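Q: One file is attached below, final_10.cif, containing mmCIF, C-alpha atoms and all ligand atoms.
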data_coords
loop_
_atom_site.group_PDB
_atom_site.id
_atom_site.type_symbol
_atom_site.label_atom_id
_atom_site.label_comp_id
_atom_site.auth_asym_id
_atom_site.auth_seq_id
_atom_site.Cartn_x
_atom_site.Cartn_y
_atom_site.Cartn_z
ATOM 1 C CA MET A 1 126.275 114.833 104.149
ATOM 2 C CA MET A 2 129.944 115.456 104.825
ATOM 3 C CA ARG A 3 131.597 113.290 107.452
ATOM 4 C CA ALA A 4 135.183 113.921 108.600
ATOM 5 C CA VAL A 5 137.655 112.077 110.795
ATOM 6 C CA TYR A 6 140.038 113.838 113.195
ATOM 7 C CA PRO A 7 142.708 111.241 113.929
ATOM 8 C CA ALA A 8 145.354 111.544 116.649
ATOM 9 C CA THR A 9 146.977 109.790 119.554
ATOM 10 C CA PHE A 10 145.445 112.136 122.156
ATOM 11 C CA ASP A 11 147.988 111.244 124.869
ATOM 12 C CA PRO A 12 146.240 113.117 126.421
ATOM 13 C CA ILE A 13 143.724 115.403 124.687
ATOM 14 C CA THR A 14 144.522 119.116 125.209
ATOM 15 C CA ASN A 15 142.496 122.301 124.815
ATOM 16 C CA GLY A 16 144.283 122.712 121.452
ATOM 17 C CA HIS A 17 142.813 119.415 120.188
ATOM 18 C CA ILE A 18 139.387 120.357 121.591
ATOM 19 C CA ASP A 19 139.558 123.705 119.799
ATOM 20 C CA ILE A 20 140.204 121.937 116.469
ATOM 21 C CA ALA A 21 137.339 119.470 117.150
ATOM 22 C CA GLU A 22 134.952 122.328 118.001
ATOM 23 C CA ARG A 23 135.826 124.254 114.852
ATOM 24 C CA ALA A 24 135.760 121.172 112.595
ATOM 25 C CA SER A 25 132.336 120.248 114.002
ATOM 26 C CA LYS A 26 131.033 123.540 112.582
ATOM 27 C CA VAL A 27 132.534 122.902 109.144
ATOM 28 C CA PHE A 28 131.406 119.271 108.733
ATOM 29 C CA ASP A 29 128.033 117.619 109.338
ATOM 30 C CA GLU A 30 129.601 114.839 111.383
ATOM 31 C CA LEU A 31 133.020 114.507 112.972
ATOM 32 C CA ILE A 32 134.593 111.306 114.211
ATOM 33 C CA VAL A 33 137.385 111.990 116.674
ATOM 34 C CA ALA A 34 139.527 108.907 116.140
ATOM 35 C CA VAL A 35 141.893 107.742 118.871
ATOM 36 C CA PHE A 36 144.783 105.735 117.438
ATOM 37 C CA ASP A 37 145.338 102.734 119.678
ATOM 38 C CA LEU A 38 149.008 101.816 119.225
ATOM 39 C CA PRO A 39 151.232 104.531 117.738
ATOM 40 C CA ALA A 40 154.969 103.937 117.476
ATOM 41 C CA LYS A 41 155.764 106.312 120.301
ATOM 42 C CA ASN A 42 155.931 106.113 124.060
ATOM 43 C CA LEU A 43 152.540 106.668 125.567
ATOM 44 C CA LEU A 44 151.557 107.767 129.044
ATOM 45 C CA PHE A 45 147.927 106.609 128.939
ATOM 46 C CA SER A 46 146.335 103.355 127.739
ATOM 47 C CA ALA A 47 144.049 103.343 124.715
ATOM 48 C CA GLU A 48 141.021 102.849 127.026
ATOM 49 C CA LYS A 49 141.978 105.832 129.169
ATOM 50 C CA ARG A 50 142.694 108.060 126.137
ATOM 51 C CA LEU A 51 139.349 107.057 124.624
ATOM 52 C CA ALA A 52 137.491 107.790 127.887
ATOM 53 C CA MET A 53 139.160 111.192 128.398
ATOM 54 C CA THR A 54 138.620 112.209 124.760
ATOM 55 C CA THR A 55 134.961 111.144 124.876
ATOM 56 C CA GLU A 56 134.357 113.230 127.996
ATOM 57 C CA ALA A 57 136.274 116.222 126.595
ATOM 58 C CA VAL A 58 134.122 116.528 123.444
ATOM 59 C CA SER A 59 130.803 115.411 124.975
ATOM 60 C CA HIS A 60 129.431 118.966 124.584
ATOM 61 C CA LEU A 61 129.554 118.644 120.780
ATOM 62 C CA ASP A 62 126.354 117.107 119.367
ATOM 63 C CA ASN A 63 127.647 116.024 115.963
ATOM 64 C CA VAL A 64 130.914 114.554 117.260
ATOM 65 C CA ILE A 65 131.551 110.941 118.191
ATOM 66 C CA VAL A 66 134.753 109.356 119.465
ATOM 67 C CA MET A 67 136.052 105.999 118.258
ATOM 68 C CA GLU A 68 139.212 103.998 118.773
ATOM 69 C CA TYR A 69 140.986 102.629 115.717
ATOM 70 C CA SER A 70 144.036 100.674 114.671
ATOM 71 C CA GLY A 71 145.810 100.238 111.360
ATOM 72 C CA LEU A 72 145.955 102.790 108.569
ATOM 73 C CA THR A 73 143.959 105.975 109.103
ATOM 74 C CA VAL A 74 142.803 106.000 105.460
ATOM 75 C CA ASP A 75 141.349 102.495 105.898
ATOM 76 C CA PHE A 76 139.514 103.604 109.017
ATOM 77 C CA ALA A 77 138.184 106.743 107.268
ATOM 78 C CA LYS A 78 136.990 104.694 104.284
ATOM 79 C CA LYS A 79 135.240 102.179 106.540
ATOM 80 C CA GLN A 80 133.440 105.063 108.244
ATOM 81 C CA ASN A 81 132.460 106.626 104.887
ATOM 82 C CA ALA A 82 134.466 109.759 105.697
ATOM 83 C CA LEU A 83 136.070 111.591 102.771
ATOM 84 C CA VAL A 84 138.008 114.108 104.838
ATOM 85 C CA MET A 85 140.707 113.860 107.469
ATOM 86 C CA VAL A 86 141.121 116.908 109.700
ATOM 87 C CA ARG A 87 144.494 117.916 111.144
ATOM 88 C CA GLY A 88 145.714 120.966 113.011
ATOM 89 C CA LEU A 89 148.633 123.178 112.002
ATOM 90 C CA ARG A 90 150.460 125.001 114.747
ATOM 91 C CA VAL A 91 153.882 126.116 113.554
ATOM 92 C CA MET A 92 155.954 125.777 110.379
ATOM 93 C CA SER A 93 157.537 122.583 111.692
ATOM 94 C CA ASP A 94 154.081 120.940 111.781
ATOM 95 C CA PHE A 95 153.676 121.750 108.119
ATOM 96 C CA GLU A 96 156.469 119.460 106.887
ATOM 97 C CA TRP A 97 155.109 116.469 108.805
ATOM 98 C CA GLU A 98 151.491 117.156 107.907
ATOM 99 C CA LEU A 99 152.395 117.575 104.224
ATOM 100 C CA GLN A 100 154.276 114.267 104.223
ATOM 101 C CA LEU A 101 151.383 112.554 106.021
ATOM 102 C CA SER A 102 148.817 114.050 103.665
ATOM 103 C CA LEU A 103 150.773 113.051 100.532
ATOM 104 C CA THR A 104 151.277 109.547 101.919
ATOM 105 C CA ASN A 105 147.592 109.166 102.674
ATOM 106 C CA HIS A 106 146.681 110.558 99.259
ATOM 107 C CA SER A 107 148.922 107.962 97.596
ATOM 108 C CA LEU A 108 147.125 105.246 99.555
ATOM 109 C CA ASP A 109 143.629 106.554 98.845
ATOM 110 C CA PRO A 110 143.216 109.529 96.477
ATOM 111 C CA ASN A 111 139.530 109.852 97.395
ATOM 112 C CA ILE A 112 140.321 111.019 100.908
ATOM 113 C CA GLU A 113 141.387 114.639 101.373
ATOM 114 C CA THR A 114 143.289 116.141 104.286
ATOM 115 C CA VAL A 115 141.977 119.471 105.561
ATOM 116 C CA CYS A 116 144.217 121.397 107.964
ATOM 117 C CA LEU A 117 142.816 124.005 110.326
ATOM 118 C CA MET A 118 145.180 126.637 111.666
ATOM 119 C CA ALA A 119 145.710 126.396 115.400
ATOM 120 C CA SER A 120 144.133 129.184 117.405
ATOM 121 C CA GLN A 121 146.732 131.643 118.608
ATOM 122 C CA GLU A 122 146.262 130.814 122.285
ATOM 123 C CA TYR A 123 147.020 127.112 121.688
ATOM 124 C CA SER A 124 149.609 127.365 118.934
ATOM 125 C CA PHE A 125 152.420 126.394 121.354
ATOM 126 C CA LEU A 126 150.510 123.551 122.986
ATOM 127 C CA SER A 127 151.166 119.844 122.483
ATOM 128 C CA SER A 128 150.432 116.778 124.607
ATOM 129 C CA SER A 129 154.179 116.537 125.385
ATOM 130 C CA ILE A 130 154.393 120.152 126.577
ATOM 131 C CA LEU A 131 151.284 119.618 128.708
ATOM 132 C CA LYS A 132 152.844 116.538 130.334
ATOM 133 C CA ASP A 133 156.148 118.363 130.903
ATOM 134 C CA ILE A 134 154.411 121.215 132.711
ATOM 135 C CA ALA A 135 152.272 118.817 134.769
ATOM 136 C CA PHE A 136 155.245 116.641 135.797
ATOM 137 C CA ASN A 137 157.051 119.776 136.942
ATOM 138 C CA ARG A 138 154.047 120.812 139.036
ATOM 139 C CA GLY A 139 153.120 123.763 136.832
ATOM 140 C CA ASN A 140 149.635 125.155 136.297
ATOM 141 C CA ILE A 141 147.786 123.410 133.446
ATOM 142 C CA THR A 142 144.242 124.515 134.210
ATOM 143 C CA HIS A 143 144.126 126.732 131.090
ATOM 144 C CA LEU A 144 145.549 124.012 128.843
ATOM 145 C CA ALA A 145 143.486 120.848 129.387
ATOM 146 C CA PRO A 146 139.991 119.753 130.402
ATOM 147 C CA PRO A 147 139.313 118.750 134.054
ATOM 148 C CA ILE A 148 139.312 115.000 133.314
ATOM 149 C CA VAL A 149 142.841 115.227 131.883
ATOM 150 C CA ILE A 150 144.085 117.398 134.753
ATOM 151 C CA GLU A 151 142.750 114.821 137.245
ATOM 152 C CA ALA A 152 144.355 111.936 135.332
ATOM 153 C CA LEU A 153 147.731 113.698 135.199
ATOM 154 C CA GLN A 154 147.563 114.545 138.898
ATOM 155 C CA ALA A 155 146.674 110.920 139.715
ATOM 156 C CA HIS A 156 149.620 109.762 137.626
ATOM 157 C CA ILE A 157 151.997 112.104 139.455
ATOM 158 C CA ARG A 158 150.707 110.946 142.850
ATOM 159 C CA SER A 159 151.176 107.248 142.042
HETATM 160 P P1 LIG A 201 149.660 112.505 116.581
HETATM 161 O O1 LIG A 201 150.391 111.545 117.452
HETATM 162 O O2 LIG A 201 148.561 111.898 115.769
HETATM 163 O O3 LIG A 201 150.532 113.421 115.772
HETATM 164 P P2 LIG A 201 149.079 114.848 118.104
HETATM 165 O O4 LIG A 201 148.279 114.970 119.317
HETATM 166 O O5 LIG A 201 150.518 115.213 118.200
HETATM 167 O O6 LIG A 201 148.871 113.374 117.619
HETATM 168 O O7 LIG A 201 148.455 115.727 116.952
HETATM 169 C C1 LIG A 201 147.287 115.380 116.288
HETATM 170 C C2 LIG A 201 146.840 116.511 115.400
HETATM 171 O O8 LIG A 201 146.349 117.560 116.200
HETATM 172 C C3 LIG A 201 147.962 117.088 114.547
HETATM 173 O O9 LIG A 201 147.450 117.480 113.307
HETATM 174 C C4 LIG A 201 148.406 118.276 115.355
HETATM 175 O O10 LIG A 201 149.002 119.265 114.544
HETATM 176 C C5 LIG A 201 147.081 118.743 115.936
HETATM 177 N N1 LIG A 201 147.281 119.479 117.173
HETATM 178 C C6 LIG A 201 147.933 119.079 118.285
HETATM 179 N N2 LIG A 201 147.959 120.065 119.206
HETATM 180 C C7 LIG A 201 147.309 121.125 118.638
HETATM 181 C C8 LIG A 201 147.035 122.466 119.072
HETATM 182 N N3 LIG A 201 147.463 122.927 120.246
HETATM 183 N N4 LIG A 201 146.336 123.276 118.239
HETATM 184 C C9 LIG A 201 145.948 122.828 117.024
HETATM 185 N N5 LIG A 201 146.196 121.588 116.542
HETATM 186 C C10 LIG A 201 146.867 120.742 117.342
#
Would you mind giving the structure from this file in structure tokens?

A:
Amino acid sequence: MMRAVYPATFDPITNGHIDIAERASKVFDELIVAVFDLPAKNLLFSAEKRLAMTTEAVSHLDNVIVMEYSGLTVDFAKKQNALVMVRGLRVMSDFEWELQLSLTNHSLDPNIETVCLMASQEYSFLSSSILKDIAFNRGNITHLAPPIVIEALQAHIRS
């Protein structure tokens, strides 16, 4: 049985992340979508809110569960008996960061492999930051994020 972890901040989850989770769920027997609780970057949503939105957004996938984690991703993967970490590759600039991350993680635990899936063409421009930028400027995001995220962003703008 092959279990994989898809770790990210998900601030918030976009249709690009969901696309990677859907495709990874077909490749692996079990997928843990892992929401990192305290990354070193400015966040819009709390860990609880990101966990709730992510859980709702992938609830249609039977072999996918969502968990929150802290600390090193390799430690979390090992604790969950997952030998693979899934990441998404959008553009060339992602590659440098993902390579560095993958080599770092491999130096920490050589038993855990990183598998990158290529972003689907329709989401290859999409990031959580771009989504938030469009939303804050009152643009249409209905094709870019699930309803629960759209509602949360609208509520944030109203408040
Ligand atoms: P983190 O803070 O962990 O980098 P991100 O949300 O920026 O969180 O990205 C998490 C992972 O998901 C990365 O591997 C990233 O390349 C991938 N990803 C983000 N957006 C997309 C997208 N639109 N299509 C495919 N992969 C994506």

Q: For the file shown, what are the residues hit by the PyMOL selection byres (((chain A and resi 117) around 8) and not hetatm), laid out as an NGL selection string?

A: :A and (20 or 24 or 86-89 or 115-116 or 118-119)

Q: Name the residues that the PyMOL selection byres (((not hetatm)) within 7 of (chain A and resi 201)) pulls out of this structure, and write them as a ChimeraX atom specification.

A: /A:7-11,14-17,19-20,87-90,94,98,118-120,123-128

Q: Write a file of the selected residues as a compact mmCIF listing (two decimals), in the coordinates of the input, keeping C-alpha atoms.

A:
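To be explicit, this is the file written out as result_20.txt:
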# COMPACT_ATOMS: atom_id res chain seq x y z
CA PRO A 7 142.71 111.24 113.93
CA ALA A 8 145.35 111.54 116.65
CA THR A 9 146.98 109.79 119.55
CA PHE A 10 145.44 112.14 122.16
CA ASP A 11 147.99 111.24 124.87
CA THR A 14 144.52 119.12 125.21
CA ASN A 15 142.50 122.30 124.82
CA GLY A 16 144.28 122.71 121.45
CA HIS A 17 142.81 119.42 120.19
CA ASP A 19 139.56 123.70 119.80
CA ILE A 20 140.20 121.94 116.47
CA ARG A 87 144.49 117.92 111.14
CA GLY A 88 145.71 120.97 113.01
CA LEU A 89 148.63 123.18 112.00
CA ARG A 90 150.46 125.00 114.75
CA ASP A 94 154.08 120.94 111.78
CA GLU A 98 151.49 117.16 107.91
CA MET A 118 145.18 126.64 111.67
CA ALA A 119 145.71 126.40 115.40
CA SER A 120 144.13 129.18 117.40
CA TYR A 123 147.02 127.11 121.69
CA SER A 124 149.61 127.36 118.93
CA PHE A 125 152.42 126.39 121.35
CA LEU A 126 150.51 123.55 122.99
CA SER A 127 151.17 119.84 122.48
CA SER A 128 150.43 116.78 124.61

Q: I'd like to see the residues matched by the PyMOL selection byres (((chain A and resi 81) around 10) and not hetatm) on this file, and ideally I'd get them as an MDAnalysis selection string.

A: chainID A and resid 2:5 75:80 82:84 112

Q: Let me have the centre and edge lengths in Å, one decimal, of the box along x, y and z around every listed atom of stretch 42-61 of chain A with 4 Å of margin on each side, as lines of an AutoDock Vina configuration file.

A:
center_x = 142.7
center_y = 110.9
center_z = 125.0
size_x = 34.5
size_y = 24.1
size_z = 16.4

Q: Report, in Å to a single decimal, how far apart atom CA of A:Ala145 and atom CA of A:Ile13 are.

A: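 Atom CA of A:Ile13 sits 7.2 Å away from atom CA of A:Ala145.
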
Q: As a JSON list (two decimals) with C-alpha atoms, in the frame of the given file, please: the residues near A:Ala152 (cut-off 12 Å, only C-alpha atoms, same-chain neighbours under 5 positions excluded).

A:
[["chain", "number", "residue", "atom", "x", "y", "z"],
["A", 11, "ASP", "CA", 147.99, 111.24, 124.87],
["A", 12, "PRO", "CA", 146.24, 113.12, 126.42],
["A", 13, "ILE", "CA", 143.72, 115.40, 124.69],
["A", 44, "LEU", "CA", 151.56, 107.77, 129.04],
["A", 45, "PHE", "CA", 147.93, 106.61, 128.94],
["A", 46, "SER", "CA", 146.34, 103.36, 127.74],
["A", 49, "LYS", "CA", 141.98, 105.83, 129.17],
["A", 50, "ARG", "CA", 142.69, 108.06, 126.14],
["A", 52, "ALA", "CA", 137.49, 107.79, 127.89],
["A", 53, "MET", "CA", 139.16, 111.19, 128.40],
["A", 132, "LYS", "CA", 152.84, 116.54, 130.33],
["A", 135, "ALA", "CA", 152.27, 118.82, 134.77],
["A", 136, "PHE", "CA", 155.24, 116.64, 135.80],
["A", 145, "ALA", "CA", 143.49, 120.85, 129.39],
["A", 146, "PRO", "CA", 139.99, 119.75, 130.40],
["A", 147, "PRO", "CA", 139.31, 118.75, 134.05],
["A", 157, "ILE", "CA", 152.00, 112.10, 139.46],
["A", 158, "ARG", "CA", 150.71, 110.95, 142.85],
["A", 159, "SER", "CA", 151.18, 107.25, 142.04]]

Q: List the spatial neighbours of A:Leu108 as a list in words - criterion: any atom at most 12 Å away, all atoms listed in the file, same-chain residues fewer than 2 positions off excluded.

A: Leu72, Thr73, Val74, Asp75, Ala77, Lys78, Leu101, Ser102, Leu103, Thr104, Asn105, His106, Pro110, Asn111, Ile112 and Glu113 of chain A

Q: Quick one: distance from atom CA of A:Glu30 to atom CA of A:Asn63 in Å, one decimal?

A: 5.1 Å

Q: What does the distance between atom CA of A:Asp62 and atom CA of A:Ser25 come to in Å, to one decimal place?

A: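 Those two atoms sit 8.6 Å apart.
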
Q: Counting all atoms listed in the file, which residue out of A:Glu122, A:Val33, A:Ser129, A:Gln100 sits closest to A:Glu56?

A: A:Val33

Q: Please return, as a list in words, all polymer residues that have at least one atom within 6 Å of the point (142.4, 102.9, 114.4); use all atoms listed in the file and the file's own coordinate frame.

A: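 Output of the proximity query reads Phe36, Glu68, Tyr69, Ser70 and Gly71 of chain A.
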
Q: Nearest residue to A:Asp29 out of A:Leu61, A:Ala155, A:Ile148, A:Leu51, using only C-alpha atoms?

A: A:Leu61

Q: Go through A:Ile32, A:Phe95, A:Lys41, A:Ile130 and flag the residue nearest A:Met67, using all atoms listed in the file for the distances.

A: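 Closest residue, counting all atoms listed in the file: A:Ile32.
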
Q: Here is a test: counting only C-alpha atoms, which residue of A:Gln154, A:Thr114, A:Asn42, A:Asn137 is nearest to A:Leu99?

A: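 Closest to A:Leu99 of all the choices is A:Thr114.
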
Q: Would you please work out which residue, of A:Ile134, A:Ile150, A:Leu31, A:Val66, is nearest to A:Glu48 when using all atoms listed in the file?

A: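 Closest to A:Glu48 of all the choices is A:Val66.
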
Q: For each of A:Ser107, A:Ala40, A:Asn140, A:Lys26, take the minimum atom-to-atom distance to A:Val64, counting all atoms listed in the file, then give the residue where this is smallest.

A: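 With all atoms listed in the file as the atom set, the closest residue is A:Lys26.
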